[in-house]
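S.K.: Structure file run22.cif (mmCIF, C-alpha atoms) is given on the next line.
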```cif
data_protein
loop_
_atom_site.label_atom_id
_atom_site.label_comp_id
_atom_site.auth_asym_id
_atom_site.auth_seq_id
_atom_site.Cartn_x
_atom_site.Cartn_y
_atom_site.Cartn_z
CA MET I 996 -15.83 17.92 38.62
CA ILE I 997 -16.69 19.89 35.50
CA ILE I 998 -14.64 17.47 33.43
CA SER I 999 -16.52 14.44 34.74
CA PHE I 1000 -19.80 16.29 34.03
CA LEU I 1001 -18.65 16.96 30.45
CA SER I 1002 -17.60 13.34 30.10
CA ASP I 1003 -21.06 12.22 31.22
CA ILE I 1004 -22.70 14.53 28.70
CA CYS I 1005 -20.48 13.20 25.90
CA LEU I 1006 -21.26 9.60 26.84
CA LEU I 1007 -25.01 10.26 27.05
CA LEU I 1008 -25.05 12.11 23.72
CA GLY I 1009 -23.02 9.31 22.16
CA GLY I 1010 -25.48 6.76 23.51
CA PHE I 1011 -28.40 8.80 22.19
CA PHE I 1012 -26.93 9.02 18.69
CA THR I 1013 -26.12 5.30 18.70
CA LEU I 1014 -29.74 4.60 19.56
CA THR I 1015 -31.12 6.91 16.87
CA GLY I 1016 -28.66 5.47 14.37
CA ALA I 1017 -29.77 1.93 15.15
CA LEU I 1018 -33.42 2.98 14.97
CA GLY I 1019 -32.84 4.67 11.63
CA LEU I 1020 -31.01 1.62 10.31
CA LEU I 1021 -34.07 -0.50 11.12
CA ARG I 1022 -36.85 1.92 10.19
CA PHE I 1023 -35.66 4.01 7.24
CA PRO I 1024 -37.25 3.04 3.93
CA ASN I 1025 -34.38 2.58 1.46
CA PHE I 1026 -30.68 1.82 1.17
CA TYR I 1027 -29.32 5.36 1.05
CA SER I 1028 -31.28 6.71 3.99
CA ARG I 1029 -30.26 3.65 6.03
CA LEU I 1030 -26.66 4.29 5.08
CA HIS I 1031 -27.11 7.84 6.34
CA ALA I 1032 -28.38 6.55 9.68
CA ALA I 1033 -25.47 4.13 9.98
CA SER I 1034 -22.90 6.80 9.14
CA VAL I 1035 -24.30 9.07 11.86
CA THR I 1036 -23.59 6.33 14.36
CA GLU I 1037 -20.07 5.87 13.06
CA SER I 1038 -18.87 9.41 12.62
CA LEU I 1039 -20.74 11.18 15.42
CA ALA I 1040 -21.71 8.72 18.15
CA ALA I 1041 -18.46 6.75 18.32
CA PRO I 1042 -16.18 9.83 18.55
CA LEU I 1043 -18.49 11.30 21.20
CA LEU I 1044 -18.32 8.11 23.24
CA ILE I 1045 -14.54 7.98 22.95
CA THR I 1046 -14.27 11.67 23.86
CA GLY I 1047 -16.26 10.89 26.98
CA VAL I 1048 -13.82 8.12 27.85
CA ILE I 1049 -10.81 10.40 27.17
CA LEU I 1050 -12.18 13.07 29.51
CA ASP I 1051 -12.63 10.38 32.13
CA THR I 1052 -9.11 8.91 31.83
CA GLY I 1053 -7.27 12.24 31.73
CA LEU I 1054 -3.91 12.89 30.13
CA THR I 1055 -2.23 9.49 29.72
CA LEU I 1056 -0.75 7.38 26.95
CA ASP I 1057 -4.09 5.58 26.71
CA SER I 1058 -5.98 8.80 25.98
CA ALA I 1059 -3.40 9.67 23.30
CA LYS I 1060 -4.15 6.33 21.66
CA LEU I 1061 -7.88 7.07 21.92
CA VAL I 1062 -7.34 10.43 20.19
CA LEU I 1063 -5.62 8.54 17.35
CA ILE I 1064 -8.60 6.16 17.16
CA ILE I 1065 -10.98 9.13 16.87
CA LEU I 1066 -8.81 10.60 14.11
CA ILE I 1067 -8.86 7.33 12.18
CA MET I 1068 -12.62 6.95 12.63
CA VAL I 1069 -13.38 10.50 11.49
CA ILE I 1070 -11.33 9.96 8.34
CA ALA I 1071 -12.20 6.34 7.59
CA ASN I 1072 -15.92 6.17 8.26
CA PRO I 1073 -17.08 8.87 5.82
CA THR I 1074 -14.81 7.27 3.23
CA ILE I 1075 -16.39 3.87 3.83
CA THR I 1076 -19.86 5.39 3.53
CA HIS I 1077 -18.77 7.06 0.31
CA ALA I 1078 -17.41 3.79 -1.08
CA LEU I 1079 -20.60 1.92 -0.13
CA CYS I 1080 -22.76 4.62 -1.74
CA ARG I 1081 -20.67 4.58 -4.88
CA ALA I 1082 -20.77 0.80 -5.09
CA ALA I 1083 -24.56 0.83 -4.66
CA ALA I 1084 -24.97 3.49 -7.34
CA HIS I 1085 -22.73 1.49 -9.72
CA GLY I 1086 -24.68 -1.67 -8.88
CA GLY I 1087 -27.92 -0.02 -9.97
CA VAL I 1088 -29.56 0.84 -6.66
CA ASN I 1089 -31.26 4.09 -7.59
CA PRO I 1090 -32.31 6.59 -4.95
CA GLU I 1091 -36.04 6.20 -4.49
CA MET I 1092 -37.97 9.39 -5.18
CA ARG I 1093 -41.20 8.64 -3.41
CA LEU I 1094 -43.93 11.27 -3.38
CA LYS I 1095 -46.29 11.95 -0.50
CA SER I 1096 -49.58 10.04 -0.73
CA SER I 1097 -51.65 13.08 -1.80
CA GLU I 1098 -49.14 14.02 -4.49
CA LYS I 1099 -49.03 10.40 -5.55
CA LYS I 1100 -52.77 10.33 -6.21
CA GLN I 1101 -52.43 13.57 -8.12
CA SER I 1102 -49.65 12.19 -10.30
CA GLN I 1103 -51.59 8.96 -10.83
CA THR I 1104 -54.65 10.84 -12.04
CA ASP I 1105 -52.33 12.89 -14.22
CA THR I 1106 -50.92 9.82 -15.87
CA GLU I 1107 -54.40 8.31 -16.27
CA LEU I 1108 -55.58 11.50 -17.89
CA SER I 1109 -52.63 11.63 -20.21
CA SER I 1110 -53.08 7.98 -21.19
CA LYS I 1111 -56.76 8.62 -21.95
CA GLU I 1112 -55.83 11.65 -23.99
CA SER I 1113 -53.35 9.65 -25.97
CA LYS I 1114 -56.03 7.09 -26.74
CA MET V 523 -20.83 -5.75 41.14
CA ILE V 524 -18.03 -6.03 38.61
CA GLY V 525 -18.54 -9.80 38.48
CA ASN V 526 -22.22 -9.28 37.70
CA LEU V 527 -21.37 -6.83 34.93
CA HIS V 528 -19.01 -9.37 33.36
CA LEU V 529 -21.73 -12.00 33.59
CA ILE V 530 -24.29 -9.73 31.90
CA ILE V 531 -21.85 -8.86 29.11
CA ASP V 532 -20.93 -12.53 28.62
CA VAL V 533 -24.57 -13.62 28.47
CA CYS V 534 -25.43 -10.85 25.97
CA LEU V 535 -22.48 -11.72 23.72
CA LEU V 536 -23.19 -15.46 23.85
CA ALA V 537 -26.87 -14.79 23.05
CA PHE V 538 -25.70 -12.73 20.08
CA LEU V 539 -23.60 -15.69 18.89
CA VAL V 540 -26.60 -18.04 19.02
CA LEU V 541 -28.81 -15.52 17.20
CA ILE V 542 -26.20 -15.03 14.49
CA VAL V 543 -25.91 -18.79 13.96
CA PHE V 544 -29.67 -19.10 13.48
CA ALA V 545 -29.65 -16.11 11.13
CA VAL V 546 -26.87 -17.73 9.07
CA MET V 547 -28.94 -20.91 8.75
CA LYS V 548 -32.03 -18.98 7.66
CA VAL V 549 -30.39 -16.64 5.18
CA THR V 550 -30.16 -17.79 1.56
CA ASN V 551 -28.07 -14.90 0.28
CA LEU V 552 -24.44 -15.94 0.69
CA PHE V 553 -23.26 -12.35 0.78
CA VAL V 554 -25.39 -11.71 3.87
CA ALA V 555 -24.18 -14.97 5.40
CA THR V 556 -20.55 -13.87 4.89
CA MET V 557 -21.22 -10.58 6.64
CA LEU V 558 -22.92 -12.43 9.49
CA PHE V 559 -19.87 -14.67 9.85
CA GLY V 560 -17.75 -11.52 10.11
CA ILE V 561 -19.98 -10.25 12.90
CA PHE V 562 -19.76 -13.69 14.55
CA SER V 563 -15.97 -13.48 14.61
CA PHE V 564 -16.09 -9.98 15.98
CA VAL V 565 -18.44 -10.93 18.80
CA THR V 566 -16.14 -13.87 19.58
CA ALA V 567 -13.24 -11.42 19.74
CA LEU V 568 -15.22 -9.31 22.21
CA LEU V 569 -15.83 -12.42 24.32
CA PHE V 570 -12.09 -13.17 24.39
CA LEU V 571 -11.47 -9.56 25.35
CA ASP V 572 -13.92 -9.91 28.21
CA LEU V 573 -12.00 -12.99 29.35
CA ASP V 574 -8.79 -10.87 29.35
CA ALA V 575 -7.33 -12.94 26.51
CA VAL V 576 -6.18 -9.89 24.58
CA ASP V 577 -3.77 -11.70 22.27
CA VAL V 578 -6.42 -14.20 21.21
CA ALA V 579 -9.00 -11.44 20.73
CA PHE V 580 -6.51 -9.57 18.56
CA THR V 581 -5.92 -12.64 16.39
CA GLU V 582 -9.63 -13.37 16.09
CA ALA V 583 -10.40 -9.77 15.05
CA ALA V 584 -7.55 -9.66 12.52
CA VAL V 585 -7.96 -13.14 11.03
CA GLY V 586 -11.60 -14.03 11.66
CA ALA V 587 -13.39 -10.73 11.19
CA GLY V 588 -10.87 -9.15 8.83
CA PHE V 589 -9.09 -11.54 6.53
CA SER V 590 -11.59 -14.44 6.39
CA THR V 591 -14.37 -12.04 5.41
CA VAL V 592 -12.27 -10.61 2.58
CA LEU V 593 -11.38 -14.13 1.47
CA MET V 594 -15.00 -15.29 1.49
CA LEU V 595 -16.02 -12.20 -0.49
CA ALA V 596 -13.31 -13.00 -3.02
CA ALA V 597 -14.70 -16.55 -3.22
CA LEU V 598 -18.24 -15.18 -3.66
CA ARG V 599 -17.07 -13.30 -6.75
CA LEU V 600 -16.40 -16.74 -8.24
CA SER V 601 -19.46 -18.60 -6.99
CA GLY V 602 -22.20 -15.96 -7.12
CA ALA V 603 -24.17 -14.70 -4.16
CA VAL V 604 -27.23 -16.96 -4.23
CA GLU V 605 -27.43 -20.31 -2.51
CA ASN V 606 -28.63 -23.29 -4.55
CA ALA V 607 -32.33 -23.74 -3.85
CA LYS V 608 -32.01 -27.39 -2.83
CA HIS V 609 -32.94 -27.88 0.79
CA ARG V 610 -32.98 -31.52 1.74
CA HIS V 611 -33.84 -32.24 5.34
CA SER V 612 -32.23 -35.50 6.25
CA ALA V 613 -33.34 -37.25 9.43
CA LEU V 614 -30.00 -39.04 9.69
CA GLY V 615 -28.11 -35.72 9.56
CA LEU V 616 -30.26 -34.25 12.30
CA PHE V 617 -29.73 -37.38 14.42
CA ILE V 618 -25.94 -37.20 14.04
CA VAL V 619 -25.85 -33.49 14.84
CA VAL V 620 -28.02 -33.92 17.94
CA LEU V 621 -25.92 -36.89 19.08
CA THR V 622 -22.62 -35.01 18.63
CA GLY V 623 -24.01 -31.93 20.35
CA ALA V 624 -25.28 -34.00 23.27
CA ALA V 625 -21.89 -35.73 23.58
CA LEU V 626 -20.09 -32.37 23.60
CA ILE V 627 -22.44 -30.90 26.21
CA TYR V 628 -22.04 -34.06 28.32
CA GLY V 629 -18.27 -33.65 27.99
CA THR V 630 -18.38 -30.10 29.40
CA SER V 631 -19.83 -31.43 32.65
CA ASP V 632 -16.35 -32.74 33.50
CA PHE V 633 -14.76 -29.33 32.98
CA PRO V 634 -13.86 -27.18 35.96
CA ASN V 635 -15.97 -24.04 36.21
CA MET V 636 -14.81 -20.96 34.33
CA GLY V 637 -12.30 -19.02 36.41
CA ASP V 638 -12.08 -21.81 39.00
CA ALA V 639 -8.94 -21.18 41.06
CA ASN V 640 -8.59 -24.91 41.76
CA ALA V 641 -8.66 -25.98 38.12
CA PRO V 642 -5.61 -28.10 37.21
CA VAL V 643 -4.36 -25.52 34.71
CA GLN V 644 -4.34 -22.81 37.41
CA LEU V 645 -2.54 -25.05 39.90
CA HIS V 646 0.18 -26.59 37.75
CA LEU V 647 0.87 -24.87 34.44
CA ALA V 648 -0.05 -21.21 34.83
CA PRO V 649 2.02 -20.38 37.95
CA GLU V 650 5.03 -22.15 36.46
CA PHE V 651 4.80 -20.20 33.21
CA ILE V 652 4.33 -16.87 34.98
CA GLN V 653 7.31 -17.49 37.27
CA LEU V 654 9.61 -18.87 34.58
CA THR V 655 8.78 -16.02 32.20
CA GLN V 656 10.05 -13.52 34.74
CA GLU V 657 13.08 -15.57 35.63
CA LYS V 658 14.36 -16.92 32.36
CA ILE V 659 12.92 -14.77 29.59
CA ASP V 660 12.26 -11.44 31.25
CA ILE V 661 9.58 -10.03 28.97
CA PRO V 662 6.26 -8.58 30.20
CA ASN V 663 3.97 -10.54 27.86
CA VAL V 664 3.65 -14.10 29.16
CA VAL V 665 1.59 -15.11 26.11
CA THR V 666 4.47 -14.35 23.78
CA ALA V 667 6.86 -16.22 26.04
CA VAL V 668 4.61 -19.28 26.07
CA LEU V 669 3.93 -19.09 22.34
CA ALA V 670 7.44 -18.50 21.08
CA SER V 671 9.64 -20.15 23.69
CA PHE V 672 7.93 -22.64 26.05
CA ARG V 673 5.66 -23.95 23.30
CA GLY V 674 8.00 -23.22 20.40
CA TYR V 675 7.37 -26.67 18.89
CA ASP V 676 3.61 -26.05 18.67
CA THR V 677 4.08 -22.67 17.07
CA PHE V 678 6.52 -24.15 14.58
CA GLY V 679 3.83 -26.69 13.72
CA GLU V 680 1.25 -23.94 13.29
CA THR V 681 3.54 -21.99 11.00
CA VAL V 682 4.09 -25.08 8.87
CA VAL V 683 0.32 -25.66 8.76
CA ILE V 684 -0.25 -22.12 7.49
CA PHE V 685 2.51 -22.55 4.94
CA SER V 686 1.08 -25.83 3.69
CA ALA V 687 -2.40 -24.25 3.44
CA GLY V 688 -0.89 -21.63 1.16
CA VAL V 689 0.87 -24.32 -0.89
CA ALA V 690 -2.40 -26.30 -1.20
CA VAL V 691 -4.31 -23.26 -2.48
CA LEU V 692 -1.47 -22.52 -4.87
CA LEU V 693 -1.55 -26.09 -6.24
CA LEU V 694 -5.34 -26.06 -6.65
CA LEU V 695 -5.92 -22.60 -8.08
CA GLY V 696 -2.54 -21.35 -9.25
CA MET V 697 -1.67 -17.69 -9.20
CA GLY V 698 -3.24 -16.62 -12.48
CA HIS V 699 -1.71 -13.78 -14.37
CA VAL V 700 -3.12 -10.27 -14.08
CA GLU V 701 -1.85 -7.38 -16.15
CA PRO V 702 -2.44 -3.88 -14.82
CA LYS V 703 -5.02 -1.98 -16.83
CA ASN V 704 -3.81 1.07 -18.69
CA GLU V 705 -5.75 3.43 -16.48
CA PRO V 706 -6.85 2.46 -12.98
CA GLU V 707 -10.46 3.34 -12.20
CA GLN V 708 -10.71 6.96 -11.14
CA ASN V 709 -11.89 7.47 -7.62
CA MET V 710 -10.19 10.46 -6.04
CA VAL V 711 -11.80 10.19 -2.60
CA LEU V 712 -10.68 6.61 -2.08
CA TRP V 713 -7.21 7.26 -3.48
CA VAL V 714 -6.53 10.26 -1.28
CA VAL V 715 -7.74 8.55 1.89
CA VAL V 716 -6.34 5.10 1.22
CA LYS V 717 -2.76 6.10 0.39
CA PRO V 718 -1.81 7.45 3.83
CA PHE V 719 -3.92 4.72 5.41
CA ILE V 720 -1.87 1.99 3.80
CA ALA V 721 1.27 3.58 5.22
CA LEU V 722 -0.35 3.69 8.65
CA ILE V 723 -1.46 0.05 8.39
CA LEU V 724 2.05 -1.09 7.44
CA ILE V 725 3.59 0.89 10.33
CA PHE V 726 1.02 -0.59 12.70
CA GLY V 727 1.89 -4.04 11.38
CA LEU V 728 5.56 -3.47 12.17
CA TYR V 729 4.65 -2.14 15.61
CA VAL V 730 2.60 -5.25 16.35
CA GLN V 731 5.44 -7.43 15.06
CA PHE V 732 8.16 -5.98 17.23
CA HIS V 733 6.03 -4.97 20.20
CA GLY V 734 4.75 -8.53 20.71
CA ASP V 735 7.17 -9.06 23.62
CA PHE V 736 5.70 -6.16 25.57
CA GLY V 737 2.02 -6.03 24.64
CA ALA V 738 -0.65 -7.85 22.71
CA GLY V 739 0.47 -9.00 19.30
CA GLY V 740 3.15 -10.97 17.55
CA GLY V 741 4.01 -12.53 14.23
CA PHE V 742 0.58 -13.98 13.41
CA GLN V 743 -1.34 -10.74 13.89
CA ALA V 744 1.38 -8.61 12.31
CA GLY V 745 1.49 -10.81 9.21
CA VAL V 746 -2.26 -10.53 8.69
CA ILE V 747 -2.23 -6.76 9.28
CA PHE V 748 0.66 -6.28 6.88
CA ALA V 749 -1.10 -8.37 4.26
CA SER V 750 -4.37 -6.49 4.75
CA GLY V 751 -2.53 -3.28 3.86
CA MET V 752 -1.56 -4.87 0.56
CA ILE V 753 -5.07 -6.26 0.04
CA LEU V 754 -6.49 -2.77 0.55
CA TYR V 755 -4.09 -1.48 -2.10
CA SER V 756 -5.17 -4.25 -4.44
CA LEU V 757 -8.88 -3.54 -3.88
CA VAL V 758 -8.60 0.19 -4.48
CA PHE V 759 -5.97 0.43 -7.21
CA GLY V 760 -6.53 -2.87 -8.98
CA GLU V 761 -5.10 -6.35 -8.82
CA GLY V 762 -2.55 -5.81 -11.56
CA TYR V 763 -0.94 -2.86 -9.79
CA ALA V 764 -0.68 -4.76 -6.51
CA ARG V 765 1.18 -7.51 -8.35
CA LYS V 766 3.63 -4.90 -9.58
CA VAL V 767 4.38 -3.89 -5.99
CA ILE V 768 4.80 -7.43 -4.66
CA SER V 769 5.17 -9.94 -7.45
CA SER V 770 3.14 -13.13 -7.26
CA ARG V 771 6.32 -15.08 -7.99
CA ILE V 772 8.12 -13.95 -4.88
CA LEU V 773 5.30 -14.79 -2.44
CA PRO V 774 5.75 -18.59 -2.20
CA ARG V 775 9.49 -18.01 -1.68
CA LEU V 776 8.81 -15.49 1.09
CA ALA V 777 6.47 -17.93 2.81
CA ALA V 778 9.07 -20.68 2.61
CA LEU V 779 11.72 -18.26 3.86
CA GLY V 780 9.59 -17.50 6.93
CA VAL V 781 9.33 -21.18 7.85
CA LEU V 782 13.03 -21.55 7.12
CA ILE V 783 13.98 -18.72 9.50
CA TYR V 784 12.00 -20.43 12.25
CA GLY V 785 13.51 -23.83 11.56
CA VAL V 786 17.09 -22.55 11.30
CA THR V 787 16.71 -20.69 14.60
CA GLY V 788 15.75 -24.02 16.12
CA LEU V 789 18.61 -25.88 14.43
CA ALA V 790 21.17 -23.29 15.53
CA SER V 791 20.77 -24.33 19.14
CA LEU V 792 21.60 -27.93 18.14
CA LEU V 793 25.08 -26.71 17.16
CA TRP V 794 25.77 -25.82 20.80
CA ASP V 795 24.58 -29.20 22.11
CA LYS V 796 21.22 -27.84 23.26
CA PRO V 797 17.76 -29.19 22.37
CA PHE V 798 15.92 -28.01 19.25
CA LEU V 799 14.48 -24.48 19.72
CA ASP V 800 16.33 -23.87 22.99
CA TYR V 801 17.18 -20.20 22.58
CA ASN V 802 19.52 -20.10 25.58
CA ALA V 803 22.24 -21.30 23.20
CA LEU V 804 21.96 -18.27 20.92
CA SER V 805 23.89 -15.92 23.16
CA SER V 806 26.35 -16.15 26.06
CA ASN V 807 23.68 -14.65 28.29
CA PRO V 808 20.65 -17.01 28.38
CA VAL V 809 18.12 -14.17 28.82
CA SER V 810 19.35 -12.17 25.84
CA GLY V 811 19.54 -15.46 23.93
CA GLN V 812 15.85 -15.93 24.64
CA HIS V 813 15.13 -12.37 23.47
CA MET V 814 17.00 -12.96 20.23
CA GLY V 815 15.34 -16.33 19.66
CA ILE V 816 11.85 -14.92 20.18
CA LEU V 817 12.61 -11.99 17.86
CA LEU V 818 13.86 -14.30 15.08
CA VAL V 819 11.05 -16.80 15.49
CA GLU V 820 8.37 -14.09 15.48
CA ALA V 821 9.95 -12.57 12.38
CA GLY V 822 9.75 -15.96 10.67
CA VAL V 823 6.11 -16.39 11.68
CA GLY V 824 5.25 -12.86 10.53
CA LEU V 825 6.90 -13.35 7.14
CA ALA V 826 5.29 -16.75 6.57
CA VAL V 827 1.81 -15.55 7.56
CA PHE V 828 2.07 -12.36 5.51
CA ALA V 829 3.20 -14.17 2.38
CA THR V 830 0.67 -17.00 2.74
CA VAL V 831 -2.28 -14.68 3.35
CA LEU V 832 -1.42 -12.50 0.38
CA LEU V 833 -0.74 -15.60 -1.74
CA ILE V 834 -4.19 -17.01 -0.99
CA PHE V 835 -5.78 -13.66 -1.81
CA TYR V 836 -3.87 -13.42 -5.10
CA SER V 837 -4.89 -16.98 -6.03
CA PHE V 838 -8.58 -16.32 -5.42
CA SER V 839 -8.68 -13.05 -7.33
CA GLY V 840 -6.42 -14.45 -10.09
CA VAL V 841 -8.96 -17.15 -10.98
CA ASN V 842 -11.62 -14.50 -11.37
CA HIS V 843 -9.56 -12.54 -13.85
CA ASN V 844 -8.76 -15.49 -16.07
CA GLU V 845 -12.39 -16.27 -16.83
#
```
What does the file become when written as structure tokens?

M.R.:
Amino acid sequence: MIISFLSDICLLLGGFFTLTGALGLLRFPNFYSRLHAASVTESLAAPLLITGVILDTGLTLDSAKLVLIILIMVIANPTITHALCRAAAHGGVNPEMRLKSSEKKQSQTDTELSSKESK
Amino acid sequence: MIGNLHLIIDVCLLAFLVLIVFAVMKVTNLFVATMLFGIFSFVTALLFLDLDAVDVAFTEAAVGAGFSTVLMLAALRLSGAVENAKHRHSALGLFIVVLTGAALIYGTSDFPNMGDANAPVQLHLAPEFIQLTQEKIDIPNVVTAVLASFRGYDTFGETVVIFSAGVAVLLLLGMGHVEPKNEPEQNMVLWVVVKPFIALILIFGLYVQFHGDFGAGGGFQAGVIFASGMILYSLVFGEGYARKVISSRILPRLAALGVLIYGVTGLASLLWDKPFLDYNALSSNPVSGQHMGILLVEAGVGLAVFATVLLIFYSFSGVNHNE
């Protein structure tokens, strides 16, 4: 009873994080933040979903295989994200440092001022 | 209820396939198109899985989503990632495509419905195979029995096709010659993670190879998995170092050896006055003869596929290094 409740919670949480990950992948502004959203899906949502399934199946050979899959995912997915990040950085995708709109205006006026001064 | 769920899943997956095809046509960046093709193969694998064709799904995931994507990426390194801007819309081409498509769709109207219990294949072939597998071969996986024993000729043909594909690539591109750099590129995170992973991949490949009689898998999948372990090594540590582990000279010989093992297994039964590829002749007990025959044949397939896949990968990346 409790176990099936826990399994439901794991599955729901996993579904929630998959949804937020997908949303982030679509809505986030630049490459690195999108990568972050995708890696949340991989390394949090998928293990949660599989944990839910394991709790549901109980102690069998299948659940042992699922545990192995979780182990591989938890090790492999952060590594893949790391490799992607590294490749992007080597390829010249720089992290965007965007300022808030008010600060942006401020910095623009600053640069205008400085350019006038230099003239 | 369950039937409805299957239907919903099938419709979703098929809709995904159509969407991906349109996306591939629209996209001009070849890199993106390659990734979309990978997703296409993976969705196809899911469809096969939903149809309970686990062996086929396994092959599609390993070959279609895994190896083909790597191969296309290797080809993109040679061609560049941007499509040529020429877009000619030919009315004749459209006409031919529409005509062929219409003919194919018309052809499907003669097919029995999916899962129809009265379809000819369910009435004649399938029950026979299922019964004979239990009687004469005595292994749980009917697919392996059909592939390696009942349809041994076809599989021999497929193995030869794969071998000749490797030979064709070798003749066109050659192997190239890649010397290992003095110092491989430092990347501790990848090194630490990839090293045990390669060992795991190779063990999994062996498991798939020898477990094919009992579960999903067999020589084709095992060969690709084994080769992907080597390809991973080559990607992380450098092409030159991979060629030190498995020399590019030995690969064509290994591929030929795989085909040879298959062929000799077939010829051996001729010595005992049995037809080609009749494994009953291999042992005094027909059932254990079948077991031995399937083991040998799958080993030949695995070796040939592994060597050919790695050979094609070496050829593609070798060209890149020469320029």

S.K.: Near stretch 1021-1032 of chain I, counting all atoms listed in the file, which residues have an atom at most 8 Å away, once you skip same-chain residues fewer than 6 positions from it, shown as number ranges by chain?

M.R.: I: 1015, 1076, 1080, 1088, 1090-1091

S.K.: Determine, counting all atoms listed in the file, which protein, DNA and RNA residues have an atom within 12 Å of an atom of V:Asp660; residues of the same chain fewer than 2 positions away are not included. Present the result as a list in words.

M.R.: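 The residues that qualify are Phe651, Ile652, Gln653, Leu654, Thr655, Gln656, Glu657, Lys658, Pro662, Asn663, Val664, Thr666, Ala667, Ser671, Asp735, Phe736, Pro808, Val809, Ser810, Gly811, Gln812, His813 and Ile816 of chain V.
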
S.K.: Using all atoms listed in the file and a cut-off of 8 Å, which residues of chain I sit close to chain V? Please list them as JSON, numbers by chain.

M.R.: {"I": [1070, 1071, 1074, 1078]}

S.K.: Report as a PyMOL selection string all protein, DNA and RNA residues lying within 12 Å of stretch 776-782 of chain V, evaluated on only C-alpha atoms, omitting residues in the same chain fewer than 2 positions from it.

M.R.: chain V and resi 677-689+692+741-742+745+768-774+784-790+818-834

S.K.: May I ask for the distance between atom CA of I:Leu1020 and atom CA of V:Lys548, given in Å to one decimal place?

M.R.: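 Atom CA of V:Lys548 lies at a distance of 20.8 Å from atom CA of I:Leu1020.
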
S.K.: What's the 9 Å shell around I:Ser999, counting only C-alpha atoms, without same-chain residues fewer than 2 positions away, as a list in words?

M.R.: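 The neighbour list is Met996, Ile997, Leu1001, Ser1002, Asp1003, Ile1004, Gly1047, Leu1050 and Asp1051 of chain I.
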
S.K.: Tell me, as a ChimeraX atom specification, which residues lie within 9 Å of I:Cys1005, counting only C-alpha atoms; anything in the same chain fewer than 3 positions away does not count.

M.R.: /I:1000-1002,1008-1010,1043-1048

S.K.: Calculate how many Å separate atom CA of I:His1085 from atom CA of V:Ala555, rounding to one decimal.

M.R.: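 Separating atom CA of I:His1085 from atom CA of V:Ala555 is a distance of 22.4 Å.
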
S.K.: Between atom CA of V:Gly840 and atom CA of V:Ser750, what distance in Å does the model show, to one decimal?

M.R.: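 Between atom CA of V:Gly840 and atom CA of V:Ser750 the gap is 17.0 Å.
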
S.K.: For the provided coordinates, the residues matched by the PyMOL selection byres ((chain V and resi 752) around 12) should be stated as a PyMOL selection string.

M.R.: chain V and resi 589+716-717+719-724+727+745-751+753-761+763-769+828-829+831-833+835-836

S.K.: Quick check on the file I pasted: which residues fall under the PyMOL selection byres ((chain V and resi 572-587) around 7)? Write them as JSON, numbers by chain.

M.R.: {"V": [560, 561, 563, 564, 567, 568, 569, 570, 571, 588, 589, 590, 591, 738, 739, 743, 746, 747]}

S.K.: Residue by residue, what does the PyMOL selection byres ((chain I and resi 1064) around 12) grab here? Present the result as a list of chain:residue names.

M.R.: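 Given this file, the PyMOL selection byres ((chain I and resi 1064) around 12) evaluates to I:Ser1038, I:Ala1041, I:Pro1042, I:Leu1043, I:Leu1044, I:Ile1045, I:Thr1046, I:Ile1049, I:Asp1057, I:Ser1058, I:Ala1059, I:Lys1060, I:Leu1061, I:Val1062, I:Leu1063, I:Ile1065, I:Leu1066, I:Ile1067, I:Met1068, I:Val1069, I:Ile1070, I:Ala1071, I:Asn1072.
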